[in-house]
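Peer 1: Okay, here's the structure, questions in a sec.
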2 protein chains.
Amino acid sequence: MILSPLFWPVELKGKLIYILDETALPGRLSRIKAGNYRQACRAIKEMKTRAVGQVLLVMYTFLLESRRKTDLRKVAEAINATRPTLFFKMLTDMVLAWSANNASIERNITGFLEMLKNKRVEQAGQAAKLLKDEDIILTHCNVSGLLPLIAEFCRREGKNISFYVTETRPYLQGARLTAWELNRQGFDVTVICDSAAAAVLSKGKINKIIVGADHLAKNGDIANKVGTYQLAILGKYFNIPFYVLCPPASTVASGKDIKIEIRPEKELLEIEGKRIAPKGVKGYYPAFDITPNEYITRHIYLNIHR
Amino acid sequence: MILSPLFWPVELKGKLIYILDETALPGRLSRIKAGNYRQACRAIKEMKTRAVGQVLLVMYTFLLESRRKTDLRKVAEAINATRPTLFFKMLTDMVLAWSANNASIERNITGFLEMLKNKRVEQAGQAAKLLKDEDIILTHCNVSGLLPLIAEFCRREGKNISFYVTETRPYLQGARLTAWELNRQGFDVTVICDSAAAAVLSKGKINKIIVGADHLAKNGDIANKVGTYQLAILGKYFNIPFYVLCPPASTVASGKDIKIEIRPEKELLEIEGKRIAPKGVKGYYPAFDITPNEYITRHIYLNIHR
């Protein structure tokens with residue numbers, strides 16, 4: 001099965017972690033290096049990698065720092081402080097528990113990563129079963145290589161599916177990453193602006209909406225890239241199934257308890273270093289929003305057993 | 001009363017029409033010149049001016065070409081062919097009727113423009129009456145100088161209002177034009193990405209949504225910048241009044257009969273000349289969408305008597 005570079009965008013080789021630089025895509029497929037946890041945390045904050053890439057980066061960072069006998073509690077603290085909406089604490093607590101029990105960190109982490117890879121492939125296979133031949137799917141942002149994998153599963157089963165993707169301002173994950181990874185594996189993909197969702201849905205062009213999630217609360221609410229909530233409302237309004245490819249559930253009770261990260265207004269008000277609105281104008285950029293459980297037709301779970 | 005440069009962005013001086021170049025804002029306040037109807041039509045197609053600016057450009061073009069004894073039917077044909085969603089035919093038919101009746105074109109056109117200016121000021125005054133002190137308004141795209149005028153009316157009446165504006169990709173009318181014209185007149189304005197509407201509305205930050213319209217059908221449906229329809233659905237969902245500043249109604253029965261202009265995909269897939277999605281990826285850019293009458297809490301009419 002062909003895997004998108006975004007399916008597993010971080011690797012550890014020797015004493016360096018190689019991170020696929022998502023900010024340079026689709027122009028350049030290049031990697032940046034992190035040699036310690038501080039550099040890794042900076043790459044997370046600057047969104048050089050996102051979503052699953054951040055999970056991989058966290059785990060490889062622990063592997064690297066444990067070989068070096070760094071105090072892993074300091075590493076965990078720095079990671080937990082990077083981005084509030086993502087539930088890194090679940091990962092860092094897990095690793096700290098392994099280290100407290102004197103278990104082999106090395107074996108645990110590599111075992112976890114291998115399981116993660118297998119379970120993600122399974123998750124894509126599960127999603128593919130929900131799709132029919134000639135389905136047209138609307139998606140938002142980027143789901144770290146899962147969509148091309150779902151499309152590959154469908155292709156194997158003789159089902160032809162195609163995609164509409166919102167460009168996903170301001171970071172343009174939809175246009176830069178999702179459209180790129182689908183197109184390079186030969187799948188039909190059309191970019192629309194974030195504002196055109198209702199226009200496209202009202203024309204009956206779309207059969208299913210599929211998105212990812214950055215955080216799954218215990219009650220089924222999710223946090224995902226800002227814009228997900230309004231797509232879910234539109235899905236309900238136009239009677240289109242709304243599926244979510246989920247990470248493992250956190251210990252947070254509901255969406256109301258998830259802290260939303262507010263990113264610097266500069267990321268919204270500048271494009272390629274050029275300011276789009278005059279000085280004095282404010283920008284408000286919540287990176288995520290909360291979609292309540294009742295808008296989600298189906299959660300597609302990642303069945304990780306810890 | 002202070003008027004935004006976008007309230008009356010086109011002027012005729014001697015044998016040249018001066019058009020405020022909206023594509024250069026907010027960086028430069030510059031004007032391009034049109035000396036005949038072909039140049040005027042090109043400026044419309046290239047969206048150098050939009051909305052009311054296009055109406056002014058049409059009327060000044062007729063004035064210029066009638067002085068020059070050009071066959072006005074040819075002028076009308078060229079104008080009608082520029083952009084399908086806008087109802088230029090109503091204007092061009094009106095002018096051709098004046099010319100057929102041997103009435104003074106000069107007097108009729110200047111009279112029409114003077115009435116238009118007065119009625120637009122009245123329309124802003126009407127809208128201001130619907131607003132309360134401390135109202136926070138969400139808007140989309142740009143309403144050709146009406147929002148700062150509404151805010152000026154409110155200020156005069158001792159009502160302090162502020163604004164959130166969607167950036168309005170791909171042309172960025174919200175960030176470049178609306179934020180600019182409100183900020184330069186001292187009103188509080190915050191830009192959000194088009195995807196953040198539900199996030200902002202769900203926080204109870206917004207009291208009213210106000211948009212313009214490029215086309216009003218007889219049954220009250222409107223065509224406006226793509227993204228308007230989803231804001232109207234969200235308005236209903238979050239129970240926020242949705243007001244529309246309308247042009248005169250066309251002779252088209254309903255929104256279903258309005259032809260939607262599909263703009264070149266390049267306008268979506270390139271930002272500042274740099275492609276954001278790789279080659280092979282398609283773009284779909286409907287410039288407008290239709291908001292059905294039942295989503296509009298109140299139409300604020302432009303009371304032009306013809």
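Please note that chains go A, B, ... in the order of the structure tokens, that every chain numbers its residues from 1, and that ligands are numbered from 1 in the order shown.
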For a quick test of understanding: name the residues of chain B lying within 7 Å of chain A when counting only C-alpha atoms, and present them as a ChimeraX atom specification.
Peer 2: /B:26,169-170,175-176,179-180,183,189-196,198-199,226-227,229-230,276-278,280-285,289
Peer 1: How about saving the chosen residues, C-alpha atoms kept, as a tab-separated table (two decimals), in the first residue's frame?
Peer 2:
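File written: out36.tsv
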chain	number	residue	atom	x	y	z
B	26	PRO	CA	-5.12	48.85	1.29
B	169	ARG	CA	-10.97	34.70	0.23
B	170	PRO	CA	-9.83	34.67	-2.43
B	175	ALA	CA	-9.46	42.17	5.18
B	176	ARG	CA	-8.37	44.61	2.45
B	179	ALA	CA	-11.35	46.44	7.63
B	180	TRP	CA	-9.50	49.31	5.94
B	183	ASN	CA	-10.37	51.39	10.65
B	189	VAL	CA	-12.66	46.04	13.58
B	190	THR	CA	-11.30	42.51	13.94
B	191	VAL	CA	-10.52	40.24	10.99
B	192	ILE	CA	-11.23	36.49	11.23
B	193	CYS	CA	-10.70	33.78	8.67
B	194	ASP	CA	-13.80	32.66	6.78
B	195	SER	CA	-13.69	29.39	8.69
B	196	ALA	CA	-13.91	31.03	12.10
B	198	ALA	CA	-19.09	29.44	13.80
B	199	ALA	CA	-16.31	29.63	16.42
B	226	VAL	CA	-19.77	33.23	-1.93
B	227	GLY	CA	-19.86	32.50	1.79
B	229	TYR	CA	-25.25	31.56	2.34
B	230	GLN	CA	-23.31	29.67	5.01
B	276	ILE	CA	-0.62	27.33	-3.44
B	277	ALA	CA	-1.69	23.91	-4.73
B	278	PRO	CA	0.39	21.72	-7.07
B	280	GLY	CA	-3.01	18.86	-11.56
B	281	VAL	CA	-5.14	19.97	-8.66
B	282	LYS	CA	-8.36	21.64	-9.80
B	283	GLY	CA	-9.98	24.69	-8.28
B	284	TYR	CA	-13.67	25.58	-8.23
B	285	TYR	CA	-14.51	29.19	-7.53
B	289	ASP	CA	-23.97	32.00	-3.78
Peer 1: Is it possible to get the superposed chain A, fitted on chain B over all Cα pairs by sequence order, as an mmCIF file with C-alpha atoms, in the first residue's frame?
Peer 2:
data_model
loop_
_atom_site.group_PDB
_atom_site.id
_atom_site.type_symbol
_atom_site.label_atom_id
_atom_site.label_comp_id
_atom_site.auth_asym_id
_atom_site.auth_seq_id
_atom_site.Cartn_x
_atom_site.Cartn_y
_atom_site.Cartn_z
ATOM 1 C CA MET A 1 -20.897 62.992 7.189
ATOM 2 C CA ILE A 2 -17.572 61.359 6.319
ATOM 3 C CA LEU A 3 -17.807 59.042 3.311
ATOM 4 C CA SER A 4 -15.532 56.069 2.661
ATOM 5 C CA PRO A 5 -13.612 56.212 -0.639
ATOM 6 C CA LEU A 6 -15.504 52.997 -1.439
ATOM 7 C CA PHE A 7 -18.880 54.734 -1.131
ATOM 8 C CA TRP A 8 -18.387 56.519 -4.478
ATOM 9 C CA PRO A 9 -15.308 54.938 -6.029
ATOM 10 C CA VAL A 10 -15.773 56.082 -9.636
ATOM 11 C CA GLU A 11 -15.795 59.652 -11.045
ATOM 12 C CA LEU A 12 -16.020 61.178 -14.520
ATOM 13 C CA LYS A 13 -13.688 64.103 -15.199
ATOM 14 C CA GLY A 14 -13.614 65.479 -18.735
ATOM 15 C CA LYS A 15 -13.143 62.615 -21.153
ATOM 16 C CA LEU A 16 -11.836 60.100 -18.616
ATOM 17 C CA ILE A 17 -13.460 57.908 -15.981
ATOM 18 C CA TYR A 18 -11.321 57.543 -12.842
ATOM 19 C CA ILE A 19 -11.775 54.200 -11.107
ATOM 20 C CA LEU A 20 -10.492 53.542 -7.583
ATOM 21 C CA ASP A 21 -8.343 50.420 -8.042
ATOM 22 C CA GLU A 22 -9.638 48.124 -5.317
ATOM 23 C CA THR A 23 -7.050 45.475 -6.157
ATOM 24 C CA ALA A 24 -4.292 47.834 -4.887
ATOM 25 C CA LEU A 25 -5.959 48.524 -1.519
ATOM 26 C CA PRO A 26 -5.117 48.860 1.301
ATOM 27 C CA GLY A 27 -1.513 49.400 0.187
ATOM 28 C CA ARG A 28 -2.166 52.151 -2.343
ATOM 29 C CA LEU A 29 -5.101 54.466 -2.927
ATOM 30 C CA SER A 30 -4.715 54.784 -6.685
ATOM 31 C CA ARG A 31 -7.042 55.269 -9.632
ATOM 32 C CA ILE A 32 -7.030 53.714 -13.071
ATOM 33 C CA LYS A 33 -8.480 55.484 -16.123
ATOM 34 C CA ALA A 34 -11.034 54.347 -18.680
ATOM 35 C CA GLY A 35 -11.518 56.413 -21.826
ATOM 36 C CA ASN A 36 -14.149 54.271 -23.579
ATOM 37 C CA TYR A 37 -16.588 51.444 -22.975
ATOM 38 C CA ARG A 38 -14.134 48.677 -23.843
ATOM 39 C CA GLN A 39 -11.723 49.821 -21.146
ATOM 40 C CA ALA A 40 -14.615 50.182 -18.735
ATOM 41 C CA CYS A 41 -15.783 46.613 -19.433
ATOM 42 C CA ARG A 42 -12.278 45.284 -18.895
ATOM 43 C CA ALA A 43 -12.099 47.004 -15.479
ATOM 44 C CA ILE A 44 -15.390 45.307 -14.539
ATOM 45 C CA LYS A 45 -14.215 41.863 -15.659
ATOM 46 C CA GLU A 46 -10.919 42.229 -13.817
ATOM 47 C CA MET A 47 -12.777 43.348 -10.687
ATOM 48 C CA LYS A 48 -10.813 46.603 -10.410
ATOM 49 C CA THR A 49 -14.058 47.913 -8.971
ATOM 50 C CA ARG A 50 -17.053 45.937 -7.703
ATOM 51 C CA ALA A 51 -20.654 46.351 -6.597
ATOM 52 C CA VAL A 52 -21.688 50.017 -6.518
ATOM 53 C CA GLY A 53 -18.438 50.970 -8.251
ATOM 54 C CA GLN A 54 -19.550 48.891 -11.225
ATOM 55 C CA VAL A 55 -22.948 50.606 -11.295
ATOM 56 C CA LEU A 56 -21.238 54.006 -11.308
ATOM 57 C CA LEU A 57 -18.823 52.863 -13.968
ATOM 58 C CA VAL A 58 -21.694 51.712 -16.180
ATOM 59 C CA MET A 59 -23.540 55.018 -15.837
ATOM 60 C CA TYR A 60 -20.481 57.204 -16.409
ATOM 61 C CA THR A 61 -19.574 55.071 -19.420
ATOM 62 C CA PHE A 62 -22.966 55.774 -20.982
ATOM 63 C CA LEU A 63 -22.539 59.480 -20.238
ATOM 64 C CA LEU A 64 -19.129 59.514 -21.888
ATOM 65 C CA GLU A 65 -20.161 57.468 -24.924
ATOM 66 C CA SER A 66 -23.385 59.415 -25.457
ATOM 67 C CA ARG A 67 -21.411 62.667 -25.626
ATOM 68 C CA ARG A 68 -19.324 60.989 -28.264
ATOM 69 C CA LYS A 69 -22.442 59.798 -30.192
ATOM 70 C CA THR A 70 -21.429 56.115 -29.928
ATOM 71 C CA ASP A 71 -24.225 53.629 -30.661
ATOM 72 C CA LEU A 72 -25.421 53.004 -27.097
ATOM 73 C CA ARG A 73 -26.864 49.593 -27.977
ATOM 74 C CA LYS A 74 -23.320 48.345 -28.613
ATOM 75 C CA VAL A 75 -22.241 49.786 -25.266
ATOM 76 C CA ALA A 76 -25.160 48.075 -23.511
ATOM 77 C CA GLU A 77 -24.347 44.728 -25.107
ATOM 78 C CA ALA A 78 -20.715 44.863 -24.033
ATOM 79 C CA ILE A 79 -21.674 45.775 -20.470
ATOM 80 C CA ASN A 80 -24.308 43.042 -20.225
ATOM 81 C CA ALA A 81 -21.692 40.474 -21.272
ATOM 82 C CA THR A 82 -19.178 41.278 -18.523
ATOM 83 C CA ARG A 83 -20.389 39.349 -15.452
ATOM 84 C CA PRO A 84 -23.453 37.106 -15.389
ATOM 85 C CA THR A 85 -24.596 37.308 -11.761
ATOM 86 C CA LEU A 86 -24.870 41.092 -11.652
ATOM 87 C CA PHE A 87 -28.019 42.483 -13.153
ATOM 88 C CA PHE A 88 -26.515 45.122 -15.431
ATOM 89 C CA LYS A 89 -29.388 44.645 -17.875
ATOM 90 C CA MET A 90 -31.700 46.624 -15.613
ATOM 91 C CA LEU A 91 -29.347 49.611 -15.846
ATOM 92 C CA THR A 92 -28.601 49.306 -19.539
ATOM 93 C CA ASP A 93 -32.304 48.879 -20.445
ATOM 94 C CA MET A 94 -33.099 51.989 -18.427
ATOM 95 C CA VAL A 95 -30.506 54.054 -20.270
ATOM 96 C CA LEU A 96 -31.541 52.679 -23.691
ATOM 97 C CA ALA A 97 -35.177 53.581 -22.892
ATOM 98 C CA TRP A 98 -34.090 57.126 -22.082
ATOM 99 C CA SER A 99 -32.217 57.365 -25.374
ATOM 100 C CA ALA A 100 -35.139 55.889 -27.391
ATOM 101 C CA ASN A 101 -37.493 58.496 -25.970
ATOM 102 C CA ASN A 102 -35.123 61.221 -27.064
ATOM 103 C CA ALA A 103 -34.979 62.447 -23.508
ATOM 104 C CA SER A 104 -31.819 64.125 -22.414
ATOM 105 C CA ILE A 105 -29.467 61.294 -21.522
ATOM 106 C CA GLU A 106 -27.160 63.742 -19.822
ATOM 107 C CA ARG A 107 -29.829 65.053 -17.466
ATOM 108 C CA ASN A 108 -31.271 61.600 -16.789
ATOM 109 C CA ILE A 109 -27.970 59.986 -15.914
ATOM 110 C CA THR A 110 -26.744 62.780 -13.675
ATOM 111 C CA GLY A 111 -30.162 62.903 -12.009
ATOM 112 C CA PHE A 112 -30.072 59.133 -11.450
ATOM 113 C CA LEU A 113 -26.604 59.288 -9.900
ATOM 114 C CA GLU A 114 -27.542 62.117 -7.571
ATOM 115 C CA MET A 115 -30.620 60.208 -6.427
ATOM 116 C CA LEU A 116 -28.522 57.045 -5.976
ATOM 117 C CA LYS A 117 -26.117 58.883 -3.700
ATOM 118 C CA ASN A 118 -28.912 60.309 -1.551
ATOM 119 C CA LYS A 119 -30.793 57.031 -1.350
ATOM 120 C CA ARG A 120 -27.667 55.143 -0.314
ATOM 121 C CA VAL A 121 -27.109 57.585 2.549
ATOM 122 C CA GLU A 122 -30.760 57.045 3.533
ATOM 123 C CA GLN A 123 -30.279 53.271 3.371
ATOM 124 C CA ALA A 124 -27.349 53.516 5.809
ATOM 125 C CA GLY A 125 -29.483 55.654 8.145
ATOM 126 C CA GLN A 126 -32.239 53.037 8.037
ATOM 127 C CA ALA A 127 -29.760 50.271 8.927
ATOM 128 C CA ALA A 128 -28.323 52.325 11.802
ATOM 129 C CA LYS A 129 -31.781 52.463 13.378
ATOM 130 C CA LEU A 130 -31.741 48.650 13.712
ATOM 131 C CA LEU A 131 -28.567 48.740 15.812
ATOM 132 C CA LYS A 132 -28.104 49.193 19.558
ATOM 133 C CA ASP A 133 -25.297 50.640 21.631
ATOM 134 C CA GLU A 134 -22.459 48.077 22.075
ATOM 135 C CA ASP A 135 -23.684 45.892 19.207
ATOM 136 C CA ILE A 136 -21.005 43.736 17.646
ATOM 137 C CA ILE A 137 -21.601 43.090 13.967
ATOM 138 C CA LEU A 138 -20.249 40.285 11.817
ATOM 139 C CA THR A 139 -19.925 41.090 8.124
ATOM 140 C CA HIS A 140 -18.586 39.400 4.985
ATOM 141 C CA CYS A 141 -16.924 40.867 1.894
ATOM 142 C CA ASN A 142 -17.491 44.596 1.369
ATOM 143 C CA VAL A 143 -20.641 46.708 1.112
ATOM 144 C CA SER A 144 -19.146 49.673 -0.800
ATOM 145 C CA GLY A 145 -18.782 52.168 1.988
ATOM 146 C CA LEU A 146 -22.145 51.539 3.640
ATOM 147 C CA LEU A 147 -20.790 50.017 6.863
ATOM 148 C CA PRO A 148 -18.622 53.001 7.904
ATOM 149 C CA LEU A 149 -21.569 55.231 7.066
ATOM 150 C CA ILE A 150 -23.877 53.129 9.256
ATOM 151 C CA ALA A 151 -21.274 53.335 12.027
ATOM 152 C CA GLU A 152 -21.079 57.140 11.576
ATOM 153 C CA PHE A 153 -24.868 57.403 11.952
ATOM 154 C CA CYS A 154 -24.633 55.303 15.116
ATOM 155 C CA ARG A 155 -21.809 57.449 16.490
ATOM 156 C CA ARG A 156 -23.924 60.559 15.931
ATOM 157 C CA GLU A 157 -26.704 58.912 17.915
ATOM 158 C CA GLY A 158 -24.308 58.008 20.736
ATOM 159 C CA LYS A 159 -24.263 54.302 19.885
ATOM 160 C CA ASN A 160 -20.891 52.583 19.953
ATOM 161 C CA ILE A 161 -20.742 49.619 17.575
ATOM 162 C CA SER A 162 -17.867 47.382 16.531
ATOM 163 C CA PHE A 163 -17.189 44.854 13.806
ATOM 164 C CA TYR A 164 -15.864 41.393 13.037
ATOM 165 C CA VAL A 165 -15.167 40.844 9.357
ATOM 166 C CA THR A 166 -14.349 37.622 7.512
ATOM 167 C CA GLU A 167 -11.248 38.033 5.383
ATOM 168 C CA THR A 168 -13.264 36.833 2.332
ATOM 169 C CA ARG A 169 -10.977 34.703 0.236
ATOM 170 C CA PRO A 170 -9.835 34.685 -2.449
ATOM 171 C CA TYR A 171 -10.098 38.418 -3.190
ATOM 172 C CA LEU A 172 -9.836 39.388 0.511
ATOM 173 C CA GLN A 173 -12.443 42.135 0.305
ATOM 174 C CA GLY A 174 -13.074 41.800 4.041
ATOM 175 C CA ALA A 175 -9.463 42.166 5.174
ATOM 176 C CA ARG A 176 -8.377 44.607 2.456
ATOM 177 C CA LEU A 177 -11.432 46.820 1.968
ATOM 178 C CA THR A 178 -13.944 46.564 4.825
ATOM 179 C CA ALA A 179 -11.355 46.444 7.615
ATOM 180 C CA TRP A 180 -9.493 49.315 5.940
ATOM 181 C CA GLU A 181 -12.473 51.649 5.481
ATOM 182 C CA LEU A 182 -13.794 51.004 9.012
ATOM 183 C CA ASN A 183 -10.390 51.396 10.655
ATOM 184 C CA ARG A 184 -9.547 54.667 8.876
ATOM 185 C CA GLN A 185 -12.754 56.193 10.240
ATOM 186 C CA GLY A 186 -11.845 55.055 13.752
ATOM 187 C CA PHE A 187 -14.155 52.077 14.197
ATOM 188 C CA ASP A 188 -13.134 48.932 16.031
ATOM 189 C CA VAL A 189 -12.667 46.048 13.583
ATOM 190 C CA THR A 190 -11.309 42.507 13.939
ATOM 191 C CA VAL A 191 -10.522 40.234 10.988
ATOM 192 C CA ILE A 192 -11.226 36.494 11.234
ATOM 193 C CA CYS A 193 -10.711 33.778 8.676
ATOM 194 C CA ASP A 194 -13.792 32.664 6.775
ATOM 195 C CA SER A 195 -13.677 29.385 8.688
ATOM 196 C CA ALA A 196 -13.901 31.026 12.102
ATOM 197 C CA ALA A 197 -17.490 32.290 11.808
ATOM 198 C CA ALA A 198 -19.072 29.437 13.795
ATOM 199 C CA ALA A 199 -16.307 29.616 16.408
ATOM 200 C CA VAL A 200 -16.959 33.344 16.925
ATOM 201 C CA LEU A 201 -20.769 33.066 16.812
ATOM 202 C CA SER A 202 -20.759 30.145 19.276
ATOM 203 C CA LYS A 203 -18.922 32.317 21.827
ATOM 204 C CA GLY A 204 -21.803 34.810 21.870
ATOM 205 C CA LYS A 205 -19.500 37.554 20.551
ATOM 206 C CA ILE A 206 -21.866 38.712 17.789
ATOM 207 C CA ASN A 207 -25.291 40.425 17.988
ATOM 208 C CA LYS A 208 -26.051 40.943 14.314
ATOM 209 C CA ILE A 209 -24.867 39.818 10.896
ATOM 210 C CA ILE A 210 -25.007 42.435 8.127
ATOM 211 C CA VAL A 211 -24.074 41.776 4.495
ATOM 212 C CA GLY A 212 -24.690 43.368 1.115
ATOM 213 C CA ALA A 213 -26.161 41.818 -2.012
ATOM 214 C CA ASP A 214 -25.104 41.829 -5.645
ATOM 215 C CA HIS A 215 -28.530 40.771 -6.897
ATOM 216 C CA LEU A 216 -31.986 40.820 -5.299
ATOM 217 C CA ALA A 217 -34.623 38.591 -6.945
ATOM 218 C CA LYS A 218 -38.329 39.395 -6.850
ATOM 219 C CA ASN A 219 -39.055 36.806 -4.144
ATOM 220 C CA GLY A 220 -36.419 38.208 -1.761
ATOM 221 C CA ASP A 221 -33.653 35.676 -2.478
ATOM 222 C CA ILE A 222 -30.256 37.302 -2.893
ATOM 223 C CA ALA A 223 -26.982 36.550 -4.639
ATOM 224 C CA ASN A 224 -23.951 37.835 -2.786
ATOM 225 C CA LYS A 225 -20.253 36.985 -2.426
ATOM 226 C CA VAL A 226 -19.773 33.240 -1.942
ATOM 227 C CA GLY A 227 -19.864 32.496 1.785
ATOM 228 C CA THR A 228 -22.962 34.600 2.448
ATOM 229 C CA TYR A 229 -25.240 31.550 2.346
ATOM 230 C CA GLN A 230 -23.317 29.669 5.007
ATOM 231 C CA LEU A 231 -23.261 32.762 7.242
ATOM 232 C CA ALA A 232 -27.050 32.971 6.861
ATOM 233 C CA ILE A 233 -27.434 29.306 7.849
ATOM 234 C CA LEU A 234 -25.177 29.923 10.865
ATOM 235 C CA GLY A 235 -27.188 33.041 11.739
ATOM 236 C CA LYS A 236 -30.350 30.976 11.882
ATOM 237 C CA TYR A 237 -28.604 28.198 13.819
ATOM 238 C CA PHE A 238 -27.199 30.592 16.450
ATOM 239 C CA ASN A 239 -30.314 32.764 16.427
ATOM 240 C CA ILE A 240 -28.547 35.956 15.293
ATOM 241 C CA PRO A 241 -30.487 38.456 13.113
ATOM 242 C CA PHE A 242 -29.288 38.454 9.505
ATOM 243 C CA TYR A 243 -29.720 41.795 7.686
ATOM 244 C CA VAL A 244 -29.103 42.452 3.997
ATOM 245 C CA LEU A 245 -28.335 45.846 2.440
ATOM 246 C CA CYS A 246 -30.033 45.351 -0.929
ATOM 247 C CA PRO A 247 -29.785 46.827 -4.412
ATOM 248 C CA PRO A 248 -33.091 47.439 -6.256
ATOM 249 C CA ALA A 249 -34.887 44.165 -7.051
ATOM 250 C CA SER A 250 -34.315 42.721 -10.516
ATOM 251 C CA THR A 251 -36.995 41.198 -12.723
ATOM 252 C CA VAL A 252 -35.707 37.682 -11.967
ATOM 253 C CA ALA A 253 -38.295 35.568 -10.130
ATOM 254 C CA SER A 254 -36.124 33.760 -7.587
ATOM 255 C CA GLY A 255 -32.576 32.858 -6.637
ATOM 256 C CA LYS A 256 -32.772 29.654 -8.674
ATOM 257 C CA ASP A 257 -32.940 31.819 -11.811
ATOM 258 C CA ILE A 258 -29.812 33.835 -11.037
ATOM 259 C CA LYS A 259 -26.820 32.650 -13.037
ATOM 260 C CA ILE A 260 -23.755 32.188 -10.825
ATOM 261 C CA GLU A 261 -20.453 33.417 -12.225
ATOM 262 C CA ILE A 262 -17.633 30.862 -12.029
ATOM 263 C CA ARG A 263 -14.333 32.781 -11.885
ATOM 264 C CA PRO A 264 -11.011 31.387 -13.217
ATOM 265 C CA GLU A 265 -9.490 28.787 -10.843
ATOM 266 C CA LYS A 266 -6.229 30.716 -10.975
ATOM 267 C CA GLU A 267 -7.768 33.438 -8.780
ATOM 268 C CA LEU A 268 -8.157 30.821 -6.055
ATOM 269 C CA LEU A 269 -5.077 28.655 -6.624
ATOM 270 C CA GLU A 270 -2.557 31.506 -6.752
ATOM 271 C CA ILE A 271 -1.765 34.011 -4.018
ATOM 272 C CA GLU A 272 0.364 36.983 -5.080
ATOM 273 C CA GLY A 273 1.343 35.091 -8.231
ATOM 274 C CA LYS A 274 2.537 32.041 -6.285
ATOM 275 C CA ARG A 275 0.636 28.804 -6.725
ATOM 276 C CA ILE A 276 -0.625 27.342 -3.444
ATOM 277 C CA ALA A 277 -1.698 23.910 -4.739
ATOM 278 C CA PRO A 278 0.385 21.727 -7.081
ATOM 279 C CA LYS A 279 -0.309 21.426 -10.813
ATOM 280 C CA GLY A 280 -3.008 18.877 -11.567
ATOM 281 C CA VAL A 281 -5.157 19.985 -8.677
ATOM 282 C CA LYS A 282 -8.368 21.665 -9.812
ATOM 283 C CA GLY A 283 -9.989 24.712 -8.285
ATOM 284 C CA TYR A 284 -13.677 25.570 -8.226
ATOM 285 C CA TYR A 285 -14.507 29.199 -7.528
ATOM 286 C CA PRO A 286 -18.136 30.250 -7.727
ATOM 287 C CA ALA A 287 -17.954 33.997 -7.052
ATOM 288 C CA PHE A 288 -21.429 34.154 -5.508
ATOM 289 C CA ASP A 289 -23.972 32.003 -3.770
ATOM 290 C CA ILE A 290 -27.720 32.281 -3.295
ATOM 291 C CA THR A 291 -29.216 32.988 0.120
ATOM 292 C CA PRO A 292 -32.921 32.101 0.214
ATOM 293 C CA ASN A 293 -35.342 34.738 1.420
ATOM 294 C CA GLU A 294 -36.350 32.760 4.526
ATOM 295 C CA TYR A 295 -32.845 33.166 6.010
ATOM 296 C CA ILE A 296 -32.992 36.932 5.803
ATOM 297 C CA THR A 297 -34.321 38.527 8.979
ATOM 298 C CA ARG A 298 -34.710 41.858 7.244
ATOM 299 C CA HIS A 299 -34.018 43.332 3.815
ATOM 300 C CA ILE A 300 -32.833 46.921 4.021
ATOM 301 C CA TYR A 301 -33.999 48.280 0.692
ATOM 302 C CA LEU A 302 -32.511 50.950 -1.526
ATOM 303 C CA ASN A 303 -35.597 53.000 -2.325
ATOM 304 C CA ILE A 304 -34.902 54.113 -5.855
ATOM 305 C CA HIS A 305 -37.973 55.271 -7.787
ATOM 306 C CA ARG A 306 -37.474 55.043 -11.490
#
Peer 1: In segment 175-212 of chain A, what's strand (DSSP E) per DSSP? Answer as number ranges by chain?
Peer 2: A: 189-192, 208-212
Peer 1: Could you find all residues in segment 54-282 of chain B that DSSP calls helix (DSSP H, G or I) from the backbone, and write them as a ChimeraX atom specification?
Peer 2: /B:54-67,72-80,88-100,105-129,146-156,173-184,194-202,228-238,255-257,266-269
